[in-house]
Structures are given as structure tokens and as C-alpha cells.
Amino acid sequence: MTAPGLPAGALPGFGPPGADGLPPLHVPLRFFLTAALSGVLLGGLWLLEGDAAFGSRWATSQLAATHLLTLGFFVMVMFGALFQVVPVLGGGAVPRAVLVGSIVHPCLGLGTGCLAWGLWNWSPGWMQLGGLLLALAFLVFVPAVGVCVLRARALALRPVRLAVGAFAVAVALGLFLAVGITFPELGITFRSWTNVHAAWGGLGFGLLLVVGVSHQVVPMFHVTPAYGPRTTRFVPPAIGAGLVLLLLPWPAPRVAGVGLAAAAGLWHVHATLRLLQRRRRRRLDPTVLGWQCGLFAVGAGLWLALVDAVAPEAVGWVAEAPAREVLVAALFGFAGLGTVVVGMLTKIVPFLAFLHLQRLAVARGDFAAMVGLPTMDRFVGRRAAFVAVGLHAAAAAVVVAAARWPEFGRVAGALAVMSFGWLGVVIAVAALRYGRAARSIVRAGA
């Protein structure tokens, strides 16, 4: 006997999405696991290259590492999360989520690997293959999710709409840069657009999506007051407006764009840290620790970028100009958004596992099983979650140090391998525990 709506022999909870629009659990989990693997590869690259990876932002190993982090980890996690986030925020189910995930996941993973390999070895052929696979992934995913977020009028989806739009612009800029790299005879000055591409990807997609998700998960998971209307209504459009200014060619609009986007981001960092201080659950929580450490790093990165754009002489003591760019990226990316995402995964993965078990018990009409469902701590224990956040925070500190002193590069790589490796183990163990609990529900009702 199988659960209603599942094909015979299917693993419960891994079948078609339910009436609430949530896809099967395997859809986001495969993205999360692959993200952890990309992080391990990133750390391995740093471990192999050492100080050469941090000596210059234009080093081939650094370019490869950057895309393993951005595409392989951040985009992989965020794509997986959007399958769950969009229905919850009122956008409805992602159409044909299982099929979309089955196409996007391998194309994104293989495309990132090919692109990183091509950048590391400066091989145009591998870059082109990676670009084609990534283009296919984006052409399938962005319209599927875009239909959901555009047709819904839920206020909570506004930052997600902006994030998806910013991602489309970042992809277009990335393709433009790829053409300039692989076809040098065209004479495209791709380096002058690299910072704009990074801003649309990091601030536009990364930060805006974290902003949108935080408006929901911080009050829900940590029992804080809701965000104020100024934060929810004005921060996402201000970041978007700043990014638009960055596209203009004159220096003044670009400085204004950095200022506007950074100021809006700093406002959100301030608002979130204040809310976390006012949470009702005062027990030390690994996800809260991830938010706090990550947001401090995001704030430091945004502050450094803002001052560097307006008065670079004021931060000359921090590092030389080229090294400051690497330092901003390390603070904002690996140390900032990276720590936030790792902390959120330790909460989101067990929450999704519990939610899908609950749906399975309801679908089977087994209300006795609902009473005996494993708690969220059974999927990801507090100690395992603290280790995940602590390892990443330690790795982040050394990565930031390596951005200033490249001789720390191999230590940063070793810690990154440990951090992402442990995160992968945590997610895999949660998936196995979910599978055992789901099978026990089926056996009990057979």
C-alpha cells in the first residue's frame, strides 16, 4: 500500500508535489548536497594553489574559485530553496517542479564544473561548454520561477521578484564577459564590467533573496517582531535602484549606485541584528549565530565597498586597491552570505524533513503517526549544527585573512574543505533519517 497519489514502490514524500504547492523533498535536497560538494571542491582548489589563489583577483585559480562559490554554492542553494520558498510566500507551485529540477540540477552542476575548470586552465573550449550548460539551466529555471513570482501579488514576493530579475541581468553580464574572454578578437573590455557583474549577482540576487527570505524566516523561526514597513518596502527597491545606477557609464552614477545599494544593505543588516536581539527564544541557537556572524561580515564588506567608492584614500591603510576588492568579496561573499546560508540550512533542512513527514502522515490519514513524528532536532542535532556554523565561521575568518595576507591560502582551503564537507554530512544524514521515518510511516499503515 502506498500513499495516495504516489506510484507503487515510490519512496514516500519523494513523489509529486502536494496540494500546497511544495515539490517532493528530493528536489531541494539534491541542490543542497551538490552545493556542499562544490564548496569542498572550492576548498580543495585553495588548498592546492595556496597563496597563488589569493595573490590577485585575476589569477585563474581565483576566478575558478569565485565561480565555484557563487554558482556552485550560492546559486545551487538558492535555486533549491526557491522551489520551496515561492509556494510558501504565495507564488503557487513551480510548474513541473520535478522535471524542472531534473534538468536544472545537472546542467547547473556540470556547467559550473566545466566553467571553473576552463577558467582555472584558461581553456576557451571548457568555458564555452560550461556557458552552454549554464545557459540551459537558467533558461529553464528563470521562466519557471518567474511565472510564479510575477503572477502573484503577495507583498512577501517583491524582493524575490527583484532578485530573479537581478539574476537575469547578472547572467546576461556574465555571458557578455564570457564572450569577451573566449573571443578576444572582438576587443571587449570585459574587465571594466566585472565589478558590475559581481554587484548584480551578489547584491542583486544574493542579498535581495536573503532579504526576502529573512522577512519571513527570522520572525517565524526565531520568534521576533516583524520587520518594520520601512525595511520591507524600501530596502529592496533601493538596492535595485543602486544596481541600475551601476549600469550607467559615468563615474558619478556608479558611485551613487554603490552608495545607495550599500546603504540599503546596511540598513537591512542593522534591522535584522536588532530583531534577533529582541527574539523571545533566548536559548543560544546555531542559526542565530550564523545570522549574527554573517551579517556582521556583510556589513563590514558593504561599509568597505562604500568608503572605497566614495573616499578610497580613507581605507588605504586596510590594503592596496586590488587587495581591497578581494577583501570586499571575501567579507561579503564567503564570510557574510556564506555563513548566513550555512546557518539557515541547519534550520531549513530539518524543517523541510519534518514538514514532508507531516504531509505524508496526513495524506495517508495516519494521525497517530503525526503524534510520533521525529522532532526537528532529530534530523539535525544542535551539536552538529553548531559545528557546521562554527567551522564555517573559522574558515571565513581565515579566508578574510588570506585576502589580506595570501600566505594563509592553504589554511583557508583546508578549513573550507572541513566546513563544506561537514555540511554535506549533516544534510545527507538528515535525508537518511527522513527516509527511515517515512518508510516506518508507510509500514505502520500497510
# chains A, B, ... in the order shown; residues from 1 in each chain; ligands from 1
$ residues_around --residues "stretch 168-178 of chain A" --least-positions-apart "4" --cutoff "6 Å" --atoms "only C-alpha atoms" --output "list in words"
Phe190, His197, Trp200 and Gly201 of chain A
$ write_last_selection --atoms "N, CA, C and O atoms" --output "compact mmCIF listing (two decimals), in the first residue's frame"
# COMPACT_ATOMS: atom_id res chain seq x y z
N PHE A 190 36.28 43.40 -21.08
CA PHE A 190 35.44 42.70 -20.10
C PHE A 190 35.82 43.03 -18.66
O PHE A 190 34.96 43.00 -17.77
N HIS A 197 29.07 43.10 -12.89
CA HIS A 197 28.55 41.73 -12.91
C HIS A 197 28.50 41.16 -11.50
O HIS A 197 27.49 40.54 -11.09
N TRP A 200 25.60 42.82 -9.45
CA TRP A 200 24.26 42.33 -9.79
C TRP A 200 24.05 40.90 -9.29
O TRP A 200 22.94 40.52 -8.93
N GLY A 201 25.13 40.11 -9.28
CA GLY A 201 24.99 38.76 -8.76
C GLY A 201 24.96 38.72 -7.24
O GLY A 201 24.10 38.06 -6.65
$ residues_around --residues "stretch 424-433 of chain A" --least-positions-apart "4" --cutoff "6 Å" --atoms "only C-alpha atoms" --output "JSON, numbers by chain"
{"A": [33, 36, 379]}
$ write_last_selection --atoms "all heavy atoms" --output "mmCIF file, in the first residue's frame"
data_model
loop_
_atom_site.group_PDB
_atom_site.id
_atom_site.type_symbol
_atom_site.label_atom_id
_atom_site.label_comp_id
_atom_site.auth_asym_id
_atom_site.auth_seq_id
_atom_site.Cartn_x
_atom_site.Cartn_y
_atom_site.Cartn_z
ATOM 1 N N LEU A 33 22.909 19.265 -1.419
ATOM 2 C CA LEU A 33 24.052 18.356 -1.339
ATOM 3 C C LEU A 33 25.126 18.720 -2.365
ATOM 4 O O LEU A 33 26.325 18.683 -2.065
ATOM 5 C CB LEU A 33 23.580 16.916 -1.546
ATOM 6 C CG LEU A 33 22.892 16.262 -0.342
ATOM 7 C CD1 LEU A 33 22.209 14.965 -0.758
ATOM 8 C CD2 LEU A 33 23.893 15.997 0.773
ATOM 9 N N ALA A 36 27.175 21.665 -1.208
ATOM 10 C CA ALA A 36 28.237 21.299 -0.267
ATOM 11 C C ALA A 36 29.436 20.706 -1.005
ATOM 12 O O ALA A 36 30.592 20.997 -0.674
ATOM 13 C CB ALA A 36 27.698 20.309 0.767
ATOM 14 N N PHE A 379 16.676 15.374 13.153
ATOM 15 C CA PHE A 379 17.229 15.377 11.791
ATOM 16 C C PHE A 379 18.595 16.058 11.763
ATOM 17 O O PHE A 379 19.526 15.566 11.131
ATOM 18 C CB PHE A 379 16.267 16.075 10.828
ATOM 19 C CG PHE A 379 14.957 15.362 10.659
ATOM 20 C CD1 PHE A 379 13.805 15.843 11.260
ATOM 21 C CD2 PHE A 379 14.880 14.200 9.909
ATOM 22 C CE1 PHE A 379 12.602 15.185 11.110
ATOM 23 C CE2 PHE A 379 13.679 13.539 9.748
ATOM 24 C CZ PHE A 379 12.536 14.025 10.359
#
$ residues_around --residues "A:Leu415" --least-positions-apart "4" --cutoff "8 Å" --atoms "only C-alpha atoms" --output "PyMOL selection string"
chain A and resi 43+391-392+394-395+411+419
$ write_last_selection --atoms "N, CA and C atoms" --output "PDB file, in the first residue's frame"
ATOM      1  N   GLY A  43      37.399  24.541  -1.624  1.00  0.00           N
ATOM      2  CA  GLY A  43      38.459  24.441  -0.627  1.00  0.00           C
ATOM      3  C   GLY A  43      39.650  23.657  -1.143  1.00  0.00           C
ATOM      4  N   LEU A 391      32.563  25.808  12.167  1.00  0.00           N
ATOM      5  CA  LEU A 391      33.596  25.516  11.175  1.00  0.00           C
ATOM      6  C   LEU A 391      33.593  26.547  10.060  1.00  0.00           C
ATOM      7  N   HIS A 392      32.390  26.928   9.616  1.00  0.00           N
ATOM      8  CA  HIS A 392      32.351  27.902   8.532  1.00  0.00           C
ATOM      9  C   HIS A 392      32.829  29.276   9.007  1.00  0.00           C
ATOM     10  N   ALA A 394      35.044  29.827  11.311  1.00  0.00           N
ATOM     11  CA  ALA A 394      36.505  29.748  11.402  1.00  0.00           C
ATOM     12  C   ALA A 394      37.135  29.831  10.010  1.00  0.00           C
ATOM     13  N   ALA A 395      36.550  29.095   9.045  1.00  0.00           N
ATOM     14  CA  ALA A 395      37.062  29.161   7.681  1.00  0.00           C
ATOM     15  C   ALA A 395      36.930  30.575   7.124  1.00  0.00           C
ATOM     16  N   VAL A 411      45.703  27.260   4.476  1.00  0.00           N
ATOM     17  CA  VAL A 411      44.931  27.057   5.711  1.00  0.00           C
ATOM     18  C   VAL A 411      43.449  27.334   5.440  1.00  0.00           C
ATOM     19  N   SER A 419      34.676  22.561   6.480  1.00  0.00           N
ATOM     20  CA  SER A 419      33.379  23.195   6.681  1.00  0.00           C
ATOM     21  C   SER A 419      32.321  22.632   5.742  1.00  0.00           C
TER      22      SER A 419
END
$ residues_around --residues "A:Pro249" --least-positions-apart "5" --cutoff "12 Å" --atoms "only C-alpha atoms" --output "list in words"
Ser192, Trp193, Val196, Val244, Arg254, Val255 and Gly257 of chain A
$ write_last_selection --atoms "C-alpha atoms" --output "PDB file, in the first residue's frame"
ATOM      1  CA  SER A 192      35.761  47.012 -16.726  1.00  0.00           C
ATOM      2  CA  TRP A 193      32.390  45.245 -16.338  1.00  0.00           C
ATOM      3  CA  VAL A 196      29.128  45.422 -12.169  1.00  0.00           C
ATOM      4  CA  VAL A 244      20.590  50.202 -12.089  1.00  0.00           C
ATOM      5  CA  ARG A 254      28.355  54.445 -10.343  1.00  0.00           C
ATOM      6  CA  VAL A 255      29.492  55.976  -7.072  1.00  0.00           C
ATOM      7  CA  GLY A 257      24.846  53.306  -7.149  1.00  0.00           C
TER       8      GLY A 257
END
$ atom_distance --atom1 "atom CA of A:Cys107" --atom2 "atom CA of A:Leu133"
5.1 Å
$ residues_around --residues "stretch 206-212 of chain A" --least-positions-apart "3" --cutoff "9 Å" --atoms "only C-alpha atoms" --output "compact mmCIF listing (two decimals) with all heavy atoms, in the first residue's frame"
# COMPACT_ATOMS: atom_id res chain seq x y z
N THR A 70 30.12 31.13 -6.09
CA THR A 70 28.89 31.83 -6.47
C THR A 70 27.88 30.91 -7.15
O THR A 70 26.73 30.81 -6.72
CB THR A 70 29.22 33.02 -7.38
OG1 THR A 70 29.99 32.56 -8.50
CG2 THR A 70 30.01 34.07 -6.63
N PHE A 74 26.27 29.23 -3.82
CA PHE A 74 25.15 30.16 -3.58
C PHE A 74 23.98 29.91 -4.52
O PHE A 74 22.84 29.74 -4.08
CB PHE A 74 25.62 31.60 -3.71
CG PHE A 74 26.50 32.07 -2.60
CD1 PHE A 74 27.70 32.71 -2.86
CD2 PHE A 74 26.16 31.85 -1.28
CE1 PHE A 74 28.52 33.13 -1.83
CE2 PHE A 74 26.97 32.26 -0.24
CZ PHE A 74 28.16 32.90 -0.51
N VAL A 75 24.24 29.91 -5.83
CA VAL A 75 23.14 29.74 -6.77
C VAL A 75 22.51 28.36 -6.62
O VAL A 75 21.28 28.22 -6.68
CB VAL A 75 23.62 29.98 -8.22
CG1 VAL A 75 22.52 29.64 -9.22
CG2 VAL A 75 24.05 31.43 -8.40
N MET A 78 20.29 28.52 -3.55
CA MET A 78 19.15 29.42 -3.73
C MET A 78 18.16 28.87 -4.74
O MET A 78 16.94 29.04 -4.57
CB MET A 78 19.65 30.80 -4.12
CG MET A 78 20.38 31.49 -2.98
SD MET A 78 21.20 33.03 -3.46
CE MET A 78 21.96 33.50 -1.92
N ALA A 156 5.25 39.68 0.13
CA ALA A 156 6.46 38.96 0.51
C ALA A 156 7.30 38.57 -0.71
O ALA A 156 8.49 38.29 -0.59
CB ALA A 156 6.11 37.72 1.32
N LEU A 157 6.67 38.53 -1.89
CA LEU A 157 7.39 38.10 -3.09
C LEU A 157 8.12 39.24 -3.79
O LEU A 157 8.86 38.99 -4.74
CB LEU A 157 6.42 37.44 -4.07
CG LEU A 157 6.06 35.98 -3.78
CD1 LEU A 157 4.96 35.51 -4.71
CD2 LEU A 157 7.28 35.08 -3.92
N ARG A 158 7.92 40.48 -3.36
CA ARG A 158 8.56 41.60 -4.05
C ARG A 158 10.08 41.48 -4.08
O ARG A 158 10.70 41.66 -5.14
CB ARG A 158 8.14 42.92 -3.41
CG ARG A 158 6.69 43.29 -3.72
CD ARG A 158 6.33 44.64 -3.12
NE ARG A 158 4.93 44.98 -3.40
CZ ARG A 158 4.33 46.06 -2.93
NH1 ARG A 158 5.01 46.92 -2.16
NH2 ARG A 158 3.08 46.30 -3.22
N PRO A 159 10.74 41.20 -2.96
CA PRO A 159 12.20 41.04 -3.03
C PRO A 159 12.61 39.87 -3.91
O PRO A 159 13.65 39.92 -4.58
CB PRO A 159 12.62 40.80 -1.57
CG PRO A 159 11.49 41.31 -0.75
CD PRO A 159 10.26 41.09 -1.57
N VAL A 160 11.80 38.80 -3.93
CA VAL A 160 12.12 37.64 -4.76
C VAL A 160 12.02 38.02 -6.24
O VAL A 160 12.85 37.60 -7.05
CB VAL A 160 11.19 36.46 -4.43
CG1 VAL A 160 11.50 35.26 -5.31
CG2 VAL A 160 11.33 36.08 -2.95
N ARG A 161 11.01 38.82 -6.60
CA ARG A 161 10.88 39.28 -7.99
C ARG A 161 12.13 40.06 -8.40
O ARG A 161 12.70 39.85 -9.47
CB ARG A 161 9.65 40.17 -8.15
CG ARG A 161 8.33 39.46 -8.05
CD ARG A 161 7.20 40.37 -8.52
NE ARG A 161 5.92 39.89 -8.03
CZ ARG A 161 5.27 40.37 -6.99
NH1 ARG A 161 5.79 41.39 -6.33
NH2 ARG A 161 4.12 39.86 -6.61
N LEU A 162 12.52 40.99 -7.54
CA LEU A 162 13.71 41.79 -7.85
C LEU A 162 14.95 40.90 -7.93
O LEU A 162 15.82 41.11 -8.80
CB LEU A 162 13.90 42.86 -6.78
CG LEU A 162 12.86 44.00 -6.77
CD1 LEU A 162 13.08 44.88 -5.54
CD2 LEU A 162 12.96 44.82 -8.04
N ALA A 163 15.04 39.91 -7.05
CA ALA A 163 16.20 39.02 -7.06
C ALA A 163 16.26 38.22 -8.35
O ALA A 163 17.34 38.06 -8.95
CB ALA A 163 16.16 38.08 -5.85
N VAL A 164 15.11 37.69 -8.80
CA VAL A 164 15.10 36.92 -10.05
C VAL A 164 15.46 37.83 -11.22
O VAL A 164 16.21 37.44 -12.12
CB VAL A 164 13.72 36.26 -10.25
CG1 VAL A 164 13.62 35.62 -11.63
CG2 VAL A 164 13.48 35.21 -9.18
N ALA A 166 17.31 40.57 -11.07
CA ALA A 166 18.74 40.87 -10.95
C ALA A 166 19.58 39.70 -11.41
O ALA A 166 20.65 39.88 -12.03
CB ALA A 166 19.08 41.23 -9.50
N PHE A 167 19.11 38.49 -11.11
CA PHE A 167 19.85 37.31 -11.56
C PHE A 167 19.90 37.24 -13.08
O PHE A 167 20.94 36.91 -13.66
CB PHE A 167 19.21 36.04 -11.00
CG PHE A 167 19.91 34.78 -11.40
CD1 PHE A 167 21.12 34.43 -10.80
CD2 PHE A 167 19.39 33.95 -12.37
CE1 PHE A 167 21.79 33.28 -11.17
CE2 PHE A 167 20.04 32.80 -12.75
CZ PHE A 167 21.24 32.46 -12.14
N TRP A 200 25.60 42.82 -9.45
CA TRP A 200 24.26 42.33 -9.79
C TRP A 200 24.05 40.90 -9.29
O TRP A 200 22.94 40.52 -8.93
CB TRP A 200 24.03 42.42 -11.30
CG TRP A 200 23.57 43.78 -11.72
CD1 TRP A 200 24.35 44.85 -12.06
CD2 TRP A 200 22.22 44.23 -11.85
NE1 TRP A 200 23.58 45.92 -12.38
CE2 TRP A 200 22.26 45.57 -12.27
CE3 TRP A 200 20.98 43.62 -11.66
CZ2 TRP A 200 21.12 46.33 -12.50
CZ3 TRP A 200 19.83 44.36 -11.89
CH2 TRP A 200 19.91 45.70 -12.29
N GLY A 201 25.13 40.11 -9.28
CA GLY A 201 24.99 38.76 -8.76
C GLY A 201 24.96 38.72 -7.24
O GLY A 201 24.10 38.06 -6.65
N GLY A 202 25.90 39.44 -6.59
CA GLY A 202 25.98 39.39 -5.14
C GLY A 202 24.92 40.21 -4.44
O GLY A 202 24.14 39.69 -3.62
N LEU A 203 24.87 41.52 -4.75
CA LEU A 203 23.86 42.38 -4.14
C LEU A 203 22.47 42.10 -4.70
O LEU A 203 21.48 42.05 -3.96
CB LEU A 203 24.21 43.85 -4.37
CG LEU A 203 25.28 44.48 -3.48
CD1 LEU A 203 25.66 45.84 -4.01
CD2 LEU A 203 24.79 44.58 -2.05
N HIS A 215 12.71 38.21 5.79
CA HIS A 215 11.46 38.83 6.22
C HIS A 215 10.46 37.80 6.73
O HIS A 215 9.59 38.13 7.54
CB HIS A 215 10.84 39.63 5.07
CG HIS A 215 11.61 40.84 4.70
ND1 HIS A 215 11.38 41.57 3.56
CD2 HIS A 215 12.65 41.47 5.32
CE1 HIS A 215 12.22 42.58 3.49
NE2 HIS A 215 13.01 42.54 4.55
N GLN A 216 10.60 36.56 6.25
CA GLN A 216 9.68 35.50 6.67
C GLN A 216 10.28 34.60 7.73
O GLN A 216 9.64 34.31 8.74
CB GLN A 216 9.27 34.64 5.45
CG GLN A 216 8.75 35.44 4.27
CD GLN A 216 7.57 36.30 4.61
OE1 GLN A 216 6.63 35.83 5.28
NE2 GLN A 216 7.58 37.56 4.18
N THR A 232 10.82 46.60 4.92
CA THR A 232 10.25 45.68 3.93
C THR A 232 9.89 46.39 2.62
O THR A 232 9.99 45.80 1.54
CB THR A 232 8.99 45.01 4.49
OG1 THR A 232 8.06 46.01 4.93
CG2 THR A 232 9.35 44.12 5.67
N VAL A 235 13.89 48.91 1.37
CA VAL A 235 15.23 48.35 1.19
C VAL A 235 15.38 47.63 -0.15
O VAL A 235 16.33 47.92 -0.90
CB VAL A 235 15.61 47.44 2.38
CG1 VAL A 235 16.84 46.60 2.04
CG2 VAL A 235 15.90 48.27 3.62
N PRO A 236 14.49 46.69 -0.51
CA PRO A 236 14.68 46.01 -1.80
C PRO A 236 14.67 46.96 -3.00
O PRO A 236 15.58 46.87 -3.85
CB PRO A 236 13.51 45.01 -1.85
CG PRO A 236 13.17 44.76 -0.42
CD PRO A 236 13.38 46.08 0.26
N ILE A 239 18.03 48.90 -3.15
CA ILE A 239 19.14 48.08 -3.67
C ILE A 239 19.02 47.96 -5.18
O ILE A 239 20.00 48.10 -5.92
CB ILE A 239 19.12 46.68 -3.01
CG1 ILE A 239 19.45 46.81 -1.51
CG2 ILE A 239 20.13 45.76 -3.69
CD1 ILE A 239 19.34 45.50 -0.75
N GLY A 240 17.78 47.72 -5.67
CA GLY A 240 17.58 47.61 -7.12
C GLY A 240 17.93 48.90 -7.84
O GLY A 240 18.58 48.87 -8.91
N GLY A 265 21.63 47.99 2.01
CA GLY A 265 22.04 46.73 2.60
C GLY A 265 22.42 46.87 4.06
O GLY A 265 22.06 46.03 4.89
N HIS A 268 19.34 47.02 6.21
CA HIS A 268 18.74 45.71 6.47
C HIS A 268 19.57 44.92 7.47
O HIS A 268 19.01 44.23 8.34
CB HIS A 268 18.60 44.93 5.17
CG HIS A 268 17.89 43.62 5.36
ND1 HIS A 268 18.56 42.44 5.60
CD2 HIS A 268 16.57 43.31 5.38
CE1 HIS A 268 17.68 41.47 5.75
NE2 HIS A 268 16.47 41.97 5.61
N GLY A 333 30.97 37.80 0.54
CA GLY A 333 30.57 36.51 -0.01
C GLY A 333 30.79 35.36 0.94
O GLY A 333 29.85 34.88 1.59
N LEU A 337 27.44 36.23 3.33
CA LEU A 337 26.32 35.42 2.86
C LEU A 337 26.57 33.93 3.09
O LEU A 337 25.62 33.18 3.37
CB LEU A 337 26.09 35.68 1.36
CG LEU A 337 25.62 37.09 0.98
CD1 LEU A 337 25.36 37.16 -0.52
CD2 LEU A 337 24.38 37.50 1.75
N VAL A 340 25.61 33.02 6.67
CA VAL A 340 24.15 33.09 6.79
C VAL A 340 23.50 31.86 6.17
O VAL A 340 22.62 31.22 6.76
CB VAL A 340 23.61 34.38 6.14
CG1 VAL A 340 22.09 34.33 6.02
CG2 VAL A 340 24.03 35.60 6.95
N VAL A 341 23.94 31.50 4.96
CA VAL A 341 23.33 30.37 4.25
C VAL A 341 23.60 29.06 4.99
O VAL A 341 22.70 28.22 5.13
CB VAL A 341 23.86 30.31 2.80
CG1 VAL A 341 23.46 29.00 2.13
CG2 VAL A 341 23.32 31.49 2.00
$ select_by_dssp --residues "stretch 9-230 of chain A" --states "helix (DSSP H, G or I)" --output "ChimeraX atom specification"
/A:26-53,60-88,97-121,124-151,155-182,184-186,190-222,229-230
$ residues_around --residues "A:Arg281" --least-positions-apart "5" --cutoff "10 Å" --atoms "only C-alpha atoms" --output "ChimeraX atom specification"
/A:221-224,276
$ write_last_selection --atoms "N, CA, C and O atoms" --output "short mmCIF file (atom, residue, chain, number, x, y, z; two decimals), in the first residue's frame"
data_model
loop_
_atom_site.label_atom_id
_atom_site.label_comp_id
_atom_site.auth_asym_id
_atom_site.auth_seq_id
_atom_site.Cartn_x
_atom_site.Cartn_y
_atom_site.Cartn_z
N PHE A 221 11.07 31.50 12.62
CA PHE A 221 11.95 30.54 13.29
C PHE A 221 12.45 31.03 14.63
O PHE A 221 12.69 30.24 15.54
N HIS A 222 12.62 32.35 14.78
CA HIS A 222 13.29 32.87 15.97
C HIS A 222 12.36 33.70 16.85
O HIS A 222 12.82 34.30 17.83
N VAL A 223 11.08 33.74 16.50
CA VAL A 223 10.05 34.41 17.31
C VAL A 223 10.47 35.84 17.64
O VAL A 223 10.63 36.22 18.79
N THR A 224 10.67 36.62 16.59
CA THR A 224 11.00 38.03 16.75
C THR A 224 9.81 38.86 16.28
O THR A 224 8.91 38.35 15.62
N LEU A 276 16.96 40.19 15.99
CA LEU A 276 17.50 38.99 16.63
C LEU A 276 17.81 39.24 18.10
O LEU A 276 17.71 38.32 18.92
#
$ closest_residue --among "A:Leu289, A:Val86, A:Ala335, A:Leu302" --to "A:Lys347" --atoms "only C-alpha atoms"
A:Leu289
$ closest_residue --among "A:Ala64, A:Ala412, A:Val398, A:Ile181" --to "A:Gly118" --atoms "only C-alpha atoms"
A:Ala64
$ closest_residue --among "A:Leu243, A:Met376, A:Val145, A:Val389" --to "A:Pro350" --atoms "only C-alpha atoms"
A:Met376
$ atom_distance --atom1 "atom CA of A:Leu136" --atom2 "atom CA of A:Leu22"
23.7 Å
$ residues_around --residues "stretch 46-58 of chain A" --least-positions-apart "6" --cutoff "7 Å" --atoms "only C-alpha atoms" --output "ChimeraX atom specification"
/A:326,402-403,406-410,413-414
$ atom_distance --atom1 "atom CA of A:Leu423" --atom2 "atom CA of A:Gln358"
24.6 Å
$ closest_residue --among "A:Pro251, A:Pro87, A:Arg439, A:Ala361" --to "A:Val147" --atoms "only C-alpha atoms"
A:Pro87
